[in-house]
>>> print(open('start24.cif').read())   # mmCIF, C-alpha atoms
data_structure
loop_
_atom_site.label_atom_id
_atom_site.label_comp_id
_atom_site.auth_asym_id
_atom_site.auth_seq_id
_atom_site.Cartn_x
_atom_site.Cartn_y
_atom_site.Cartn_z
CA MET X 1 26.41 4.78 -53.47
CA ASN X 2 29.23 4.71 -56.04
CA THR X 3 28.72 3.98 -59.75
CA ALA X 4 29.49 0.27 -59.48
CA GLU X 5 27.08 -0.13 -56.56
CA HIS X 6 24.44 1.87 -58.42
CA ASP X 7 24.82 -0.31 -61.56
CA PHE X 8 24.66 -3.47 -59.47
CA ALA X 9 21.48 -2.34 -57.69
CA GLU X 10 19.89 -1.40 -61.03
CA SER X 11 20.76 -4.79 -62.54
CA LEU X 12 19.41 -6.63 -59.53
CA LEU X 13 16.08 -4.81 -59.71
CA HIS X 14 15.88 -5.31 -63.48
CA ILE X 15 16.46 -9.05 -63.08
CA PHE X 16 13.76 -9.28 -60.41
CA ASP X 17 11.23 -7.30 -62.47
CA ASN X 18 12.05 -8.96 -65.79
CA VAL X 19 11.84 -12.52 -64.46
CA LEU X 20 8.37 -11.80 -63.11
CA ILE X 21 7.23 -10.01 -66.28
CA THR X 22 8.64 -12.76 -68.53
CA GLU X 23 6.98 -15.47 -66.46
CA GLU X 24 3.67 -13.61 -66.60
CA LYS X 25 3.93 -13.08 -70.38
CA ALA X 26 4.92 -16.71 -70.99
CA LEU X 27 1.91 -17.76 -68.93
CA SER X 28 -0.54 -15.48 -70.70
CA LYS X 29 0.49 -16.81 -74.12
CA GLY X 30 0.50 -20.46 -73.16
CA TYR X 31 -1.70 -23.30 -72.02
CA PHE X 32 -2.10 -21.80 -68.54
CA ALA X 33 -3.31 -18.35 -69.59
CA ASP X 34 -5.89 -18.30 -66.78
CA LEU X 35 -3.16 -18.39 -64.09
CA SER X 36 -1.52 -15.33 -62.56
CA ILE X 37 2.08 -15.49 -61.43
CA ALA X 38 0.96 -15.27 -57.78
CA GLU X 39 -1.35 -18.25 -58.34
CA LEU X 40 1.49 -20.17 -59.94
CA HIS X 41 3.66 -19.53 -56.89
CA THR X 42 0.80 -20.81 -54.71
CA LEU X 43 0.86 -24.03 -56.76
CA ASP X 44 4.64 -24.15 -56.19
CA ALA X 45 4.16 -23.87 -52.44
CA ILE X 46 1.59 -26.70 -52.45
CA GLY X 47 3.91 -28.92 -54.51
CA PRO X 48 3.05 -31.83 -56.79
CA TYR X 49 3.04 -34.74 -54.36
CA GLU X 50 1.69 -34.90 -50.79
CA ALA X 51 -1.49 -33.08 -49.75
CA ARG X 52 -0.57 -30.11 -47.56
CA ALA X 53 -2.30 -28.43 -44.66
CA MET X 54 -3.58 -24.90 -45.39
CA SER X 55 -1.66 -23.48 -42.40
CA GLU X 56 1.62 -25.09 -43.53
CA THR X 57 1.21 -23.72 -47.06
CA ALA X 58 0.37 -20.23 -45.76
CA ILE X 59 3.62 -20.21 -43.76
CA ARG X 60 5.61 -21.31 -46.81
CA LEU X 61 4.15 -18.41 -48.80
CA GLY X 62 4.51 -15.91 -45.96
CA ILE X 63 0.79 -15.04 -46.04
CA THR X 64 -2.12 -15.49 -43.63
CA THR X 65 -4.40 -18.53 -43.82
CA GLY X 66 -7.27 -16.16 -44.69
CA THR X 67 -5.41 -14.80 -47.72
CA LEU X 68 -4.51 -18.32 -48.80
CA THR X 69 -8.15 -19.42 -48.49
CA VAL X 70 -9.18 -16.76 -51.02
CA ALA X 71 -6.37 -17.79 -53.41
CA VAL X 72 -7.17 -21.49 -53.04
CA ASP X 73 -10.89 -20.85 -53.67
CA ARG X 74 -9.96 -19.32 -57.01
CA LEU X 75 -7.57 -22.16 -57.89
CA VAL X 76 -10.22 -24.76 -56.99
CA ARG X 77 -12.72 -22.99 -59.29
CA LYS X 78 -10.13 -22.98 -62.10
CA GLY X 79 -9.46 -26.70 -61.63
CA TYR X 80 -5.86 -26.52 -60.41
CA VAL X 81 -6.34 -27.46 -56.74
CA GLU X 82 -8.55 -29.80 -54.74
CA ARG X 83 -9.44 -29.32 -51.10
CA ASN X 84 -10.32 -32.13 -48.69
CA ARG X 85 -10.71 -32.61 -44.95
CA ASP X 86 -7.96 -34.70 -43.35
CA THR X 87 -9.20 -38.28 -42.89
CA LYS X 88 -7.62 -38.55 -39.40
CA ASP X 89 -8.28 -35.03 -38.10
CA ARG X 90 -11.47 -33.51 -39.58
CA ARG X 91 -10.46 -30.03 -38.34
CA VAL X 92 -7.52 -29.94 -40.74
CA VAL X 93 -8.12 -28.97 -44.38
CA ARG X 94 -5.63 -30.41 -46.86
CA ILE X 95 -4.99 -29.17 -50.37
CA HIS X 96 -3.35 -30.89 -53.30
CA LEU X 97 -2.77 -30.21 -56.98
CA THR X 98 -5.05 -31.70 -59.65
CA ARG X 99 -3.55 -33.18 -62.82
CA ARG X 100 -3.81 -29.73 -64.42
CA GLY X 101 -2.20 -28.17 -61.35
CA LYS X 102 0.68 -30.63 -61.50
CA LEU X 103 1.16 -29.83 -65.19
CA ALA X 104 1.36 -26.10 -64.47
CA PHE X 105 3.83 -26.81 -61.64
CA ARG X 106 6.11 -28.87 -63.89
CA MET X 107 6.01 -26.36 -66.76
CA HIS X 108 6.84 -23.53 -64.36
CA GLY X 109 9.76 -25.57 -63.00
CA LYS X 110 11.02 -26.04 -66.54
CA PHE X 111 11.02 -22.27 -67.05
CA HIS X 112 13.21 -21.85 -63.96
CA THR X 113 15.57 -24.61 -65.10
CA LEU X 114 16.00 -23.01 -68.53
CA LEU X 115 16.65 -19.64 -66.92
CA VAL X 116 19.33 -20.99 -64.60
CA ARG X 117 20.92 -23.01 -67.41
CA ARG X 118 21.12 -19.95 -69.65
CA ILE X 119 22.96 -18.08 -66.89
CA MET X 120 25.23 -20.91 -65.80
CA GLU X 121 26.15 -22.58 -69.11
CA PRO X 122 28.71 -20.00 -70.35
CA LEU X 123 30.62 -20.27 -67.05
CA ASP X 124 33.21 -22.88 -66.10
CA ALA X 125 32.69 -24.95 -62.92
CA GLU X 126 34.74 -22.60 -60.72
CA ARG X 127 32.84 -19.48 -61.84
CA GLN X 128 29.52 -21.32 -61.46
CA GLU X 129 30.39 -22.06 -57.83
CA ILE X 130 31.42 -18.43 -57.21
CA LEU X 131 28.17 -17.15 -58.74
CA ALA X 132 26.10 -19.66 -56.75
CA GLU X 133 27.86 -18.57 -53.55
CA MET X 134 27.18 -14.89 -54.30
CA ILE X 135 23.51 -15.57 -55.05
CA ARG X 136 23.21 -17.57 -51.80
CA ASN X 137 24.62 -14.59 -49.88
CA VAL X 138 22.15 -12.17 -51.49
CA ASP X 139 19.30 -14.61 -50.81
CA GLN X 140 20.35 -14.98 -47.17
CA PHE X 141 20.54 -11.19 -46.68
CA VAL X 142 17.15 -10.54 -48.31
CA SER X 143 15.56 -13.40 -46.32
CA GLU X 144 16.92 -11.91 -43.07
CA GLN X 145 15.43 -8.52 -43.96
CA TYR X 146 12.10 -10.18 -44.78
CA ARG X 147 12.06 -12.04 -41.46
CA LYS X 148 12.88 -8.80 -39.60
CA TYR X 149 9.90 -7.00 -41.15
CA SER X 150 7.62 -10.01 -40.70
CA ASP X 151 8.53 -10.16 -36.98
CA GLU X 152 7.78 -6.44 -36.70
CA ASP X 153 4.34 -7.01 -38.30
CA ILE X 154 3.56 -9.79 -35.82
CA LYS X 155 4.65 -7.55 -32.90
CA ASN X 156 2.51 -4.64 -34.17
CA THR X 157 -0.52 -6.90 -34.63
CA ALA X 158 -0.09 -8.24 -31.10
CA MET X 159 0.23 -4.67 -29.70
CA ASP X 160 -2.89 -3.55 -31.60
CA ASP X 161 -4.80 -6.55 -30.24
CA SER X 162 -3.79 -5.85 -26.64
CA ARG X 163 -4.56 -2.10 -27.03
CA ARG X 164 -8.05 -2.97 -28.34
CA SER X 165 -8.56 -5.36 -25.41
CA LEU X 166 -7.65 -2.58 -22.95
CA GLU X 167 -10.02 -0.15 -24.68
CA ASP X 168 -12.81 -2.71 -24.40
CA VAL X 169 -12.34 -2.95 -20.61
CA MET Y 23 1.23 -78.70 -91.20
CA SER Y 24 1.91 -75.40 -89.41
CA GLU Y 25 5.38 -73.93 -89.28
CA GLN Y 26 7.23 -74.68 -86.03
CA VAL Y 27 8.52 -71.56 -84.33
CA PRO Y 28 11.61 -72.06 -82.19
CA GLU Y 29 11.11 -71.06 -78.57
CA THR Y 30 13.52 -69.47 -76.13
CA GLN Y 31 14.04 -70.75 -72.58
CA GLN Y 32 11.15 -68.60 -71.36
CA GLY Y 33 8.83 -69.98 -74.02
CA GLU Y 34 8.89 -66.74 -76.03
CA SER Y 35 8.24 -66.79 -79.73
CA ASP Y 36 11.28 -65.98 -81.81
CA LYS Y 37 9.23 -65.34 -84.92
CA GLN Y 38 9.51 -61.70 -86.00
CA GLY Y 39 6.34 -59.62 -85.49
CA GLU Y 40 4.50 -62.34 -83.49
CA PRO Y 41 3.11 -61.38 -80.08
CA ARG Y 42 5.36 -62.54 -77.30
CA GLU Y 43 3.85 -65.53 -75.46
CA ARG Y 44 4.19 -65.46 -71.68
CA SER Y 45 4.70 -68.71 -69.83
CA ALA Y 46 3.07 -69.24 -66.44
CA ASP Y 47 6.42 -69.49 -64.63
CA GLU Y 48 7.86 -66.30 -66.17
CA HIS Y 49 9.99 -64.32 -63.69
CA PRO Y 50 7.93 -61.62 -61.84
CA ASP Y 51 10.39 -58.92 -62.96
CA VAL Y 52 9.83 -59.85 -66.61
CA LYS Y 53 6.06 -59.73 -66.14
CA LYS Y 54 6.33 -56.37 -64.40
CA LYS Y 55 8.55 -54.97 -67.15
CA ASP Y 56 6.05 -56.14 -69.77
CA ARG Y 57 3.14 -54.61 -67.87
CA ILE Y 58 4.95 -51.27 -67.57
CA TYR Y 59 5.80 -51.31 -71.26
CA ASP Y 60 2.20 -52.13 -72.22
CA ASP Y 61 0.84 -49.38 -69.94
CA LEU Y 62 3.33 -46.92 -71.38
CA ILE Y 63 2.37 -47.73 -74.96
CA THR Y 64 -1.33 -47.29 -74.09
CA MET Y 65 -0.64 -43.92 -72.42
CA VAL Y 66 1.53 -42.61 -75.26
CA SER Y 67 -0.86 -43.75 -77.99
CA LYS Y 68 -3.78 -42.02 -76.23
CA LEU Y 69 -1.73 -38.87 -75.69
CA ILE Y 70 -0.68 -38.42 -79.31
CA THR Y 71 -3.55 -40.34 -80.95
CA LEU Y 72 -1.28 -42.87 -82.61
CA SER Y 73 -1.84 -46.59 -83.06
CA PRO Y 74 0.07 -48.65 -80.46
CA THR Y 75 1.51 -50.71 -83.34
CA ASP Y 76 3.29 -47.60 -84.61
CA ILE Y 77 5.23 -47.26 -81.36
CA THR Y 78 8.35 -49.37 -80.85
CA PRO Y 79 10.74 -49.60 -77.87
CA GLU Y 80 13.29 -47.67 -79.95
CA SER Y 81 10.90 -44.82 -80.83
CA ASP Y 82 12.42 -41.52 -79.77
CA ILE Y 83 9.75 -39.72 -77.75
CA ILE Y 84 10.57 -36.30 -79.20
CA PHE Y 85 11.99 -36.92 -82.69
CA ASP Y 86 9.86 -39.95 -83.69
CA LEU Y 87 6.69 -39.49 -81.66
CA GLY Y 88 6.76 -35.70 -81.52
CA LEU Y 89 5.81 -35.26 -77.88
CA ASP Y 90 6.13 -31.62 -76.80
CA SER Y 91 7.12 -30.67 -73.25
CA LEU Y 92 3.50 -30.38 -72.13
CA GLN Y 93 2.66 -33.86 -73.45
CA LEU Y 94 5.82 -35.28 -71.91
CA TYR Y 95 4.79 -33.90 -68.51
CA GLU Y 96 1.25 -35.29 -68.98
CA LEU Y 97 2.83 -38.70 -69.50
CA VAL Y 98 5.14 -38.21 -66.51
CA ILE Y 99 2.23 -37.27 -64.22
CA ASP Y 100 0.20 -40.30 -65.36
CA LEU Y 101 3.18 -42.58 -64.71
CA GLU Y 102 3.85 -41.00 -61.31
CA ASP Y 103 0.22 -41.44 -60.28
CA GLY Y 104 -0.10 -44.91 -61.80
CA TYR Y 105 3.05 -46.35 -60.22
CA ASP Y 106 3.35 -44.14 -57.13
CA ILE Y 107 6.80 -42.94 -58.13
CA ARG Y 108 8.56 -39.61 -58.62
CA LEU Y 109 10.15 -38.71 -61.93
CA PRO Y 110 12.30 -35.62 -61.40
CA ASP Y 111 13.41 -33.46 -64.33
CA GLU Y 112 17.04 -34.56 -63.85
CA ASP Y 113 16.01 -38.15 -64.64
CA LEU Y 114 13.84 -37.09 -67.58
CA GLU Y 115 16.83 -35.47 -69.24
CA LYS Y 116 18.49 -38.89 -69.56
CA ILE Y 117 15.63 -40.56 -71.40
CA HIS Y 118 15.21 -40.57 -75.15
CA THR Y 119 13.28 -43.67 -76.19
CA VAL Y 120 10.11 -45.44 -75.06
CA GLN Y 121 12.29 -48.23 -73.68
CA ASP Y 122 14.30 -45.68 -71.63
CA ILE Y 123 11.07 -44.54 -69.95
CA ALA Y 124 9.94 -48.13 -69.31
CA ASP Y 125 13.32 -48.98 -67.77
CA LEU Y 126 13.27 -45.88 -65.58
CA VAL Y 127 9.73 -46.58 -64.32
CA PHE Y 128 10.70 -50.20 -63.67
CA ALA Y 129 13.77 -49.14 -61.66
CA LEU Y 130 11.80 -46.60 -59.60
CA ALA Y 131 8.74 -48.79 -59.03
CA ARG Y 132 10.68 -51.69 -57.46
#
>>> encode(input="start24.cif", output="structure tokens")
Amino acid sequence: MNTAEHDFAESLLHIFDNVLITEEKALSKGYFADLSIAELHTLDAIGPYEARAMSETAIRLGITTGTLTVAVDRLVRKGYVERNRDTKDRRVVRIHLTRRGKLAFRMHGKFHTLLVRRIMEPLDAERQEILAEMIRNVDQFVSEQYRKYSDEDIKNTAMDDSRRSLEDV
Amino acid sequence: MSEQVPETQQGESDKQGEPRERSADEHPDVKKKDRIYDDLITMVSKLITLSPTDITPESDIIFDLGLDSLQLYELVIDLEDGYDIRLPDEDLEKIHTVQDIADLVFALAR
């Protein structure tokens, strides 16, 4: 890795860490001090409008339904989420944000908007487009890597399951 | 003898400060606009504990009424739920006065 690449990697990691830390600090000092950043991202995945199925939300977050159930339990207790059975299909559990949940969602969105504006405002339209294109490329690459590892996890889980089945025979 | 107040075509009172009278055959859009405005005033006055009479259509929601971003979003969520509409941040950036909000809700709730 040459110096430029090293600097770029450092900056990228700093941005990632600092955004998370800043979000967490802003949360802890504000009206939603009882929310962790992970919980806030769960609210983001649920969204402010339609009620969502648990399974659909788990996929959006890249976690298992079991993990989401634990997170949602906590958010229900804190008054940010409500859980109901689907009126048409009683097997399906749907979750939606309460008024407080919607407020947290909107305030979190505002933080992201301010962040993006601060980065984009000093640039002219052409540079903004170049930066957006570069960010899209990084996002695409990281998403591909994530999918690759996720697929490997699913394969390993399936292999473990079949090995256990054979041992049981 | 009481003072005669001139009326407009819709039967509205032209006298300053008098409540606006609504005729039975008033256009549905006008009624709806009035209802939205009245709802909005009630919501804002509850939110910032201010008398509805102190709020005018021209009141600037930030500079005159002093709503902070949290209160503005509380109002937005109540309007979204009340009128089954969506008020994205991009639209909120264009509004300044109470009348702006009423007009936006009216346009979205059609």
>>> residues_around(input="start24.cif", residues="range 86-98 of chain X", least_positions_apart="4", cutoff="9 Å", atoms="all atoms listed in the file", output="CSV table (one decimal) with C-alpha atoms, in the frame of the given file")
chain,number,residue,atom,x,y,z
X,43,LEU,CA,0.9,-24.0,-56.8
X,46,ILE,CA,1.6,-26.7,-52.4
X,47,GLY,CA,3.9,-28.9,-54.5
X,48,PRO,CA,3.0,-31.8,-56.8
X,49,TYR,CA,3.0,-34.7,-54.4
X,50,GLU,CA,1.7,-34.9,-50.8
X,51,ALA,CA,-1.5,-33.1,-49.8
X,52,ARG,CA,-0.6,-30.1,-47.6
X,53,ALA,CA,-2.3,-28.4,-44.7
X,54,MET,CA,-3.6,-24.9,-45.4
X,55,SER,CA,-1.7,-23.5,-42.4
X,57,THR,CA,1.2,-23.7,-47.1
X,72,VAL,CA,-7.2,-21.5,-53.0
X,79,GLY,CA,-9.5,-26.7,-61.6
X,80,TYR,CA,-5.9,-26.5,-60.4
X,81,VAL,CA,-6.3,-27.5,-56.7
X,82,GLU,CA,-8.6,-29.8,-54.7
X,102,LYS,CA,0.7,-30.6,-61.5
X,103,LEU,CA,1.2,-29.8,-65.2
X,105,PHE,CA,3.8,-26.8,-61.6
>>> resolve_selection(input="start24.cif", expression="the PyMOL selection byres ((chain Y) within 9 of (chain X))", output="list in words")
Ser91, Leu92, Tyr95, Glu96, Ile99, Asp100, Arg108 and Asp111 of chain Y
>>> residues_around(input="start24.cif", residues="Gly88 in chain Y", least_positions_apart="5", cutoff="9 Å", atoms="only C-alpha atoms", output="PyMOL selection string")
chain Y and resi 70+82-83
>>> write_last_selection(input="start24.cif", atoms="C-alpha atoms", output="PDB file, keeping the file's coordinate frame")
ATOM      1  CA  ILE Y  70      -0.680 -38.420 -79.310  1.00  0.00           C
ATOM      2  CA  ASP Y  82      12.420 -41.520 -79.770  1.00  0.00           C
ATOM      3  CA  ILE Y  83       9.750 -39.720 -77.750  1.00  0.00           C
TER       4      ILE Y  83
END
>>> atom_distance(input="start24.cif", atom1="CA of Thr69 in chain X", atom2="CA of Lys148 in chain X")
25.2 Å
>>> atom_distance(input="start24.cif", atom1="CA of Ala124 in chain Y", atom2="CA of Arg117 in chain X")
27.5 Å
>>> residues_around(input="start24.cif", residues="range 119-121 of chain Y", least_positions_apart="3", cutoff="12 Å", atoms="all atoms listed in the file", output="JSON, numbers by chain")
{"Y": [55, 56, 58, 59, 60, 61, 62, 63, 64, 65, 66, 67, 74, 76, 77, 78, 79, 80, 81, 82, 83, 84, 85, 86, 87, 88, 89, 94, 97, 114, 115, 116, 124, 125, 126, 127, 128]}
>>> write_last_selection(input="start24.cif", atoms="C-alpha atoms", output="PDB file, in the coordinates of the input")
ATOM      1  CA  LYS Y  55       8.550 -54.970 -67.150  1.00  0.00           C
ATOM      2  CA  ASP Y  56       6.050 -56.140 -69.770  1.00  0.00           C
ATOM      3  CA  ILE Y  58       4.950 -51.270 -67.570  1.00  0.00           C
ATOM      4  CA  TYR Y  59       5.800 -51.310 -71.260  1.00  0.00           C
ATOM      5  CA  ASP Y  60       2.200 -52.130 -72.220  1.00  0.00           C
ATOM      6  CA  ASP Y  61       0.840 -49.380 -69.940  1.00  0.00           C
ATOM      7  CA  LEU Y  62       3.330 -46.920 -71.380  1.00  0.00           C
ATOM      8  CA  ILE Y  63       2.370 -47.730 -74.960  1.00  0.00           C
ATOM      9  CA  THR Y  64      -1.330 -47.290 -74.090  1.00  0.00           C
ATOM     10  CA  MET Y  65      -0.640 -43.920 -72.420  1.00  0.00           C
ATOM     11  CA  VAL Y  66       1.530 -42.610 -75.260  1.00  0.00           C
ATOM     12  CA  SER Y  67      -0.860 -43.750 -77.990  1.00  0.00           C
ATOM     13  CA  PRO Y  74       0.070 -48.650 -80.460  1.00  0.00           C
ATOM     14  CA  ASP Y  76       3.290 -47.600 -84.610  1.00  0.00           C
ATOM     15  CA  ILE Y  77       5.230 -47.260 -81.360  1.00  0.00           C
ATOM     16  CA  THR Y  78       8.350 -49.370 -80.850  1.00  0.00           C
ATOM     17  CA  PRO Y  79      10.740 -49.600 -77.870  1.00  0.00           C
ATOM     18  CA  GLU Y  80      13.290 -47.670 -79.950  1.00  0.00           C
ATOM     19  CA  SER Y  81      10.900 -44.820 -80.830  1.00  0.00           C
ATOM     20  CA  ASP Y  82      12.420 -41.520 -79.770  1.00  0.00           C
ATOM     21  CA  ILE Y  83       9.750 -39.720 -77.750  1.00  0.00           C
ATOM     22  CA  ILE Y  84      10.570 -36.300 -79.200  1.00  0.00           C
ATOM     23  CA  PHE Y  85      11.990 -36.920 -82.690  1.00  0.00           C
ATOM     24  CA  ASP Y  86       9.860 -39.950 -83.690  1.00  0.00           C
ATOM     25  CA  LEU Y  87       6.690 -39.490 -81.660  1.00  0.00           C
ATOM     26  CA  GLY Y  88       6.760 -35.700 -81.520  1.00  0.00           C
ATOM     27  CA  LEU Y  89       5.810 -35.260 -77.880  1.00  0.00           C
ATOM     28  CA  LEU Y  94       5.820 -35.280 -71.910  1.00  0.00           C
ATOM     29  CA  LEU Y  97       2.830 -38.700 -69.500  1.00  0.00           C
ATOM     30  CA  LEU Y 114      13.840 -37.090 -67.580  1.00  0.00           C
ATOM     31  CA  GLU Y 115      16.830 -35.470 -69.240  1.00  0.00           C
ATOM     32  CA  LYS Y 116      18.490 -38.890 -69.560  1.00  0.00           C
ATOM     33  CA  ALA Y 124       9.940 -48.130 -69.310  1.00  0.00           C
ATOM     34  CA  ASP Y 125      13.320 -48.980 -67.770  1.00  0.00           C
ATOM     35  CA  LEU Y 126      13.270 -45.880 -65.580  1.00  0.00           C
ATOM     36  CA  VAL Y 127       9.730 -46.580 -64.320  1.00  0.00           C
ATOM     37  CA  PHE Y 128      10.700 -50.200 -63.670  1.00  0.00           C
TER      38      PHE Y 128
END
>>> atom_distance(input="start24.cif", atom1="CA of Ile37 in chain X", atom2="CA of Glu23 in chain X")
7.0 Å
>>> closest_residue(input="start24.cif", among="X:Lys25, X:Gly62, X:Ala33, X:Ser11", to="Asp151 in chain X", atoms="all atoms listed in the file")
X:Gly62
